Number of protein chains: 2
Amino acid sequence: MAVSPRRQTRSPLQVRLAESVLSPGGWFATLDEFHRWLSETASRAYMNVRKVPLNGLSGWEVERHTGNIRHRTGKFFSVECLDVHVPGRTVSHWSQPIINQPEIGILGILVKEIDGIPHCLMQAKHEPGNHNGLQLSPTVQATRSNYTRVHRGRPVPYLDYFLDTSGREVIADIRQSEQGAWFYRKRNRNMIVEITGEIEVAEGFCWLTLGQLHTLMSVPDLVNMDARTVLACMPFSGAGLTSALMSALTSAPSAEPGDGFRAALVRSCDPGEAGPHTMGEVLSWITDMRTRTDPRVSLIPLNEVRGWRRTDELISHETGRYFDVVGVSVEAGGREVGHWDQPMIEPSGTGVIAFLVGEIDGVLHALVHARVEPGYADVVELGPTVQCTPENYEHLPAGARPPFLDEVLGAGPGRVRFETILSEEGGRFHRARNRYLIVHTDAAAGIDHPEYRWLSVSQLGELLRHSFYLNIQARSLLFCLTTLTTTPPAPLAAR
Amino acid sequence: MAVSPRRQTRSPLQVRLAESVLSPGGWFATLDEFHRWLSETASRAYMNVRKVPLNGLSGWEVERHTGNIRHRTGKFFSVECLDVHVPGRTVSHWSQPIINQPEIGILGILVKEIDGIPHCLMQAKHEPGNHNGLQLSPTVQATRSNYTRVHRGRPVPYLDYFLDTSGREVIADIRQSEQGAWFYRKRNRNMIVEITGEIEVAEGFCWLTLGQLHTLMSVPDLVNMDARTVLACMPFSGAGLTSALMSALTSAPSAEPGDGFRAALVRSCDPGEAGPHTMGEVLSWITDMRTRTDPRVSLIPLNEVRGWRRTDELISHETGRYFDVVGVSVEAGGREVGHWDQPMIEPSGTGVIAFLVGEIDGVLHALVHARVEPGYADVVELGPTVQCTPENYEHLPAGARPPFLDEVLGAGPGRVRFETILSEEGGRFHRARNRYLIVHTDAAAGIDHPEYRWLSVSQLGELLRHSFYLNIQARSLLFCLTTLTTTPPAPLAAR
């Protein structure tokens, strides 16, 4: 019988993760070393991206009868159209272009102890949609087309560790959704696998502790979306983790401003702490939201889309809002293939993605929203408190304005515990950037809205062991929130 | 903020459930009383069902362009066709009729303490597919068409307790799938809600303890499918439950044969007991099976089905195997509507649904199968060790014969711990009956198959808190297995 290895001689995983969180250095002794390495890596790689007409992309074709845009091999992805009815909404019916990529890719991070401290193997990687060149990616970021080598590129380094995990410690392994506004039922397999023994560090790869990754998360556009979603799946919960972090906090030489917030956050990682809702109540609420909501969603031919303009150059909404579908031509060195064309989604404006957080009985909770997006496989996922591009709501009735948006945008600097700009998937989205915010409220107990609930970090972590509960934005933000266990939340103005 | 009631003054739920399991009587002091009540109830209700031509059902129509069979109101359900490709299987491509019922119904059981012991409110209910008249059903068994009153029937008793649960204890509330071979993505909301205070017991309803339900489970065709799936969602796990059941077991006046088996089963309900696989490993295995398996399933018009014969009377497979789609005309007293026609699925033969169970380090485990059925919303669900109608495999190559079928059918009586015939959903299936078996092996540790895993009762219970992990057959069998904690597993021949 296949029984996986148990290493009873080591500390439990959660305690080892706490050690990694608390470690300022390891493979890189300091983050200065990391930044130097990143600059050197950047100097050896390049990616030139220019916009080209959507209708003339090499390797791609517009299907005659549907207007859908697909690769000539039938692989990778296609741009199709989604017709959406969501009864009861202010805007209850629309159609839109959408990316259909049914194959399940792998996003994987290798973990290994170096000098007794768990490190993550990260890759500095170009993506055509990045506005700033290299970003920190997971060890492996592979579509099925990648690893079946449809585009005859080089093999994906380290992929075999994820295709066959037998005999290794699998820390996380779960399919999760991606942007339900731009992708039709896209799912990727998020994996974290721990290895022992020697392993070569390939060009463009480096080992970072969780503590270093925590600090790097506040650097704009550095840690990419795929890295964030995998890092969020790192089990960051447990009494052992809380007590390790709490003792580090209380043994610090001097009290810092914000330590009360940090203590409440660390307590939030302990599943033994009671909150306003038991897990049973949270699951029942999700069941209720998924049962009540009855969106009718169907793929239709892209040439039947209504409210969008299509030219040889691009597809855009009649109002100029939401997003364009554009074409790009890519020339790269240091990536699997030297040259290719592809369609991309280019959103208009910079989005706002925010958690409102607050203490309830001394335990920090985040306000999650049961959110409908047309591309979700299962109707509703839990998103951040606020997730929108404010400009997209300016022409709509006031009833369509997202709840809590004004509270988040109007928060004074003392209440903003985390703020940075992060990029979304640079393989499909062109310069899609969002402002990620964690905003503190001292009135958490007074907020009651049927589509929102206050959840602790450990409850969010419990949901993350299963597919399709937390959306990609909430997963990114959850990882941002956990970084505040180690990086002081103030002063923010200095960043 | 909506905070649900906590009753710190009562015992934890799992201990109260153990008390209900151990209680031989309550509202009915004995099961003889129950059987008398059931006979009396049966004498006051009737349902006459006769087969009529499928093409002449009152209220139903055959769509001209598709051949699909649908209700004239567009409600209830339709009979359509599924085209299925499952790469790598012995039979890798087929099409078949399938029931499409996209709306999510409610299956709910009310729980209430009577003399301090939790009881379940059950209903004796006719369904047109039942071969024996009344069966024990959940408190509420309502399609959305039922509760929006499409067929202008009487209101569904007790439904409001499930539509608004605020202020009540929600013991379970989760959407679960149904037969993926006959239903296209059918899901029902399985709910268990505890109430306090007075409540009227309507005609045809009664209160039973879990211990009484355990005993009644071995009566052929008595506890219906909807009751079984809800009862399986009753949280039957926890150290408190195990210690309550264990102390009842050890304080019994005399040791019975099979007590070693029972002790291993009771230990299996304790999440603290280690097994061959951690939950993380189980979840990773499920992710792997769901990622590797790539069935292509699409709804097509029923008049494009291949390999099936269609007459005015019925639709049947060219070989006569699998199932027929038939029409029935129903006349009922004591049900919501007095007369109606409907299509039904009538399977050929009696199926075999079996768990192989065995001790691993003194803890009982059941062998589950990662099973593909075309109608599942999420590709793969965990099913019983064996789930098939043996006759359907007689004409197929030996490679298609289900693993472990011969071991289950060939088990001597000493190894068969549970055996009875149970009916499937009598509202859609005509006389669909399966032989439910729990077969003991003393060689569990020697069985290793990539599509199968050994799981404990508490692990199965943990998966049951979430949607679409355990299929309907496995849920029924899991409830059968838990009945063996209280009803002695031998002698079986006496049944």
# chains A, B, ... in the order shown; residues from 1 in each chain; ligands from 1
$ interface_residues --of "chain B" --to "chain A" --cutoff "10 Å" --atoms "only C-alpha atoms" --output "ChimeraX atom specification"
/B:1-6,102-106,163-165,169-175,187-191,275-281,283-288,290-292,294,377-378,444-450,453-454,463,465-467
$ select_by_dssp --residues "stretch 4-232 of chain A" --states "alpha helix (DSSP H)" --output "VMD selection string"
chain A and resid 13 to 22 31 to 43 144 to 147 160 to 163 210 to 216 225 to 232
$ write_last_selection --atoms "N, CA and C atoms" --output "CSV table (one decimal), in the first residue's frame"
chain,number,residue,atom,x,y,z
A,13,LEU,N,5.0,20.7,10.5
A,13,LEU,CA,5.1,21.6,9.4
A,13,LEU,C,4.8,23.1,9.8
A,14,GLN,N,3.8,23.3,10.6
A,14,GLN,CA,3.4,24.7,10.9
A,14,GLN,C,4.5,25.4,11.7
A,15,VAL,N,5.2,24.6,12.5
A,15,VAL,CA,6.3,25.2,13.3
A,15,VAL,C,7.5,25.5,12.4
A,16,ARG,N,7.7,24.6,11.5
A,16,ARG,CA,8.8,24.9,10.5
A,16,ARG,C,8.5,26.1,9.6
A,17,LEU,N,7.2,26.2,9.3
A,17,LEU,CA,6.8,27.4,8.5
A,17,LEU,C,7.0,28.7,9.3
A,18,ALA,N,6.7,28.6,10.6
A,18,ALA,CA,6.9,29.8,11.4
A,18,ALA,C,8.4,30.2,11.5
A,19,GLU,N,9.2,29.2,11.5
A,19,GLU,CA,10.7,29.5,11.5
A,19,GLU,C,11.1,30.1,10.2
A,20,SER,N,10.5,29.7,9.1
A,20,SER,CA,10.8,30.3,7.8
A,20,SER,C,10.3,31.7,7.8
A,21,VAL,N,9.1,32.0,8.4
A,21,VAL,CA,8.5,33.3,8.4
A,21,VAL,C,9.4,34.2,9.2
A,22,LEU,N,10.0,33.7,10.3
A,22,LEU,CA,10.8,34.6,11.2
A,22,LEU,C,12.2,34.7,10.8
A,31,LEU,N,18.2,40.9,1.8
A,31,LEU,CA,17.4,41.2,0.6
A,31,LEU,C,18.2,42.1,-0.4
A,32,ASP,N,19.2,42.8,0.1
A,32,ASP,CA,20.0,43.5,-0.8
A,32,ASP,C,20.7,42.5,-1.8
A,33,GLU,N,21.1,41.4,-1.3
A,33,GLU,CA,21.7,40.4,-2.1
A,33,GLU,C,20.7,39.9,-3.2
A,34,PHE,N,19.5,39.7,-2.7
A,34,PHE,CA,18.4,39.3,-3.6
A,34,PHE,C,18.2,40.3,-4.7
A,35,HIS,N,18.2,41.6,-4.4
A,35,HIS,CA,17.9,42.7,-5.4
A,35,HIS,C,19.1,42.7,-6.4
A,36,ARG,N,20.3,42.6,-5.9
A,36,ARG,CA,21.4,42.5,-6.8
A,36,ARG,C,21.3,41.4,-7.8
A,37,TRP,N,20.9,40.2,-7.2
A,37,TRP,CA,20.8,39.0,-8.1
A,37,TRP,C,19.7,39.3,-9.1
A,38,LEU,N,18.6,39.9,-8.7
A,38,LEU,CA,17.5,40.2,-9.6
A,38,LEU,C,17.9,41.1,-10.8
A,39,SER,N,18.7,42.1,-10.4
A,39,SER,CA,19.2,43.0,-11.5
A,39,SER,C,20.1,42.3,-12.4
A,40,GLU,N,21.0,41.5,-11.9
A,40,GLU,CA,21.9,40.7,-12.8
A,40,GLU,C,21.1,39.8,-13.7
A,41,THR,N,20.1,39.1,-13.1
A,41,THR,CA,19.3,38.2,-13.9
A,41,THR,C,18.6,39.0,-15.0
A,42,ALA,N,18.1,40.1,-14.6
A,42,ALA,CA,17.3,41.0,-15.6
A,42,ALA,C,18.2,41.4,-16.8
A,43,SER,N,19.5,41.6,-16.4
A,43,SER,CA,20.4,42.1,-17.5
A,43,SER,C,20.7,41.0,-18.5
A,144,ARG,N,-0.9,22.9,-19.6
A,144,ARG,CA,-0.8,21.5,-20.2
A,144,ARG,C,-0.1,21.6,-21.6
A,145,SER,N,-0.4,22.7,-22.3
A,145,SER,CA,0.3,22.8,-23.6
A,145,SER,C,1.8,22.9,-23.4
A,146,ASN,N,2.2,23.6,-22.3
A,146,ASN,CA,3.6,23.7,-22.0
A,146,ASN,C,4.2,22.3,-21.8
A,147,TYR,N,3.6,21.5,-21.0
A,147,TYR,CA,4.3,20.3,-20.6
A,147,TYR,C,4.1,19.2,-21.6
A,160,ASP,N,9.1,17.7,-13.3
A,160,ASP,CA,8.9,16.3,-12.9
A,160,ASP,C,8.6,16.2,-11.4
A,161,TYR,N,9.1,17.1,-10.6
A,161,TYR,CA,8.8,17.0,-9.1
A,161,TYR,C,7.3,17.1,-8.8
A,162,PHE,N,6.6,17.8,-9.7
A,162,PHE,CA,5.2,18.0,-9.5
A,162,PHE,C,4.3,16.9,-10.2
A,163,LEU,N,4.9,16.4,-11.3
A,163,LEU,CA,4.1,15.4,-12.1
A,163,LEU,C,4.1,14.1,-11.3
A,210,LEU,N,10.2,32.3,3.8
A,210,LEU,CA,8.9,33.0,3.8
A,210,LEU,C,9.0,34.4,4.3
A,211,GLY,N,9.9,34.6,5.3
A,211,GLY,CA,10.0,35.9,5.9
A,211,GLY,C,10.5,36.9,4.8
A,212,GLN,N,11.4,36.5,3.9
A,212,GLN,CA,11.9,37.3,2.8
A,212,GLN,C,10.7,37.6,1.8
A,213,LEU,N,10.0,36.5,1.5
A,213,LEU,CA,8.8,36.7,0.6
A,213,LEU,C,7.8,37.7,1.2
A,214,HIS,N,7.6,37.6,2.5
A,214,HIS,CA,6.7,38.5,3.2
A,214,HIS,C,7.1,40.0,3.0
A,215,THR,N,8.4,40.2,3.1
A,215,THR,CA,8.9,41.6,3.0
A,215,THR,C,8.8,42.0,1.5
A,216,LEU,N,9.1,41.1,0.6
A,216,LEU,CA,9.1,41.4,-0.8
A,216,LEU,C,7.6,41.7,-1.4
A,225,MET,N,1.2,37.0,-9.8
A,225,MET,CA,-0.1,36.4,-9.4
A,225,MET,C,0.0,35.0,-9.1
A,226,ASP,N,0.7,34.2,-10.0
A,226,ASP,CA,0.8,32.8,-9.8
A,226,ASP,C,1.6,32.5,-8.6
A,227,ALA,N,2.6,33.2,-8.3
A,227,ALA,CA,3.3,33.0,-7.0
A,227,ALA,C,2.4,33.3,-5.8
A,228,ARG,N,1.6,34.3,-5.9
A,228,ARG,CA,0.8,34.7,-4.8
A,228,ARG,C,-0.3,33.6,-4.5
A,229,THR,N,-0.9,33.1,-5.5
A,229,THR,CA,-1.9,32.1,-5.3
A,229,THR,C,-1.4,30.8,-4.7
A,230,VAL,N,-0.2,30.4,-5.1
A,230,VAL,CA,0.4,29.2,-4.5
A,230,VAL,C,0.8,29.5,-3.1
A,231,LEU,N,1.5,30.7,-2.8
A,231,LEU,CA,1.9,31.0,-1.5
A,231,LEU,C,0.7,31.1,-0.5
A,232,ALA,N,-0.4,31.5,-1.0
A,232,ALA,CA,-1.6,31.6,-0.2
A,232,ALA,C,-2.0,30.2,0.3
$ select_by_dssp --residues "stretch 108-137 of chain B" --states "strand (DSSP E)" --output "ChimeraX atom specification"
/B:108-114,117-125,135-137
$ residues_around --residues "stretch 318-327 of chain B" --least-positions-apart "3" --cutoff "10 Å" --atoms "only C-alpha atoms" --output "number ranges by chain"
B: 50-57, 79, 96-99, 181-182, 306-310, 312-315, 330, 341-349, 389, 391-393, 395, 429-430, 432
$ closest_residue --among "A:Ser218, A:Thr293, A:Ser329, A:Ser456" --to "A:Gly129" --atoms "only C-alpha atoms"
A:Ser329
$ residues_around --residues "stretch 412-425 of chain A" --least-positions-apart "6" --cutoff "8 Å" --atoms "only C-alpha atoms" --output "MDAnalysis selection string"
chainID A and resid 129:130 218:226 431:441 480:481 484 489:490 492:493
$ atom_distance --atom1 "atom CA of B:Arg296" --atom2 "atom CA of A:Arg185"
14.6 Å
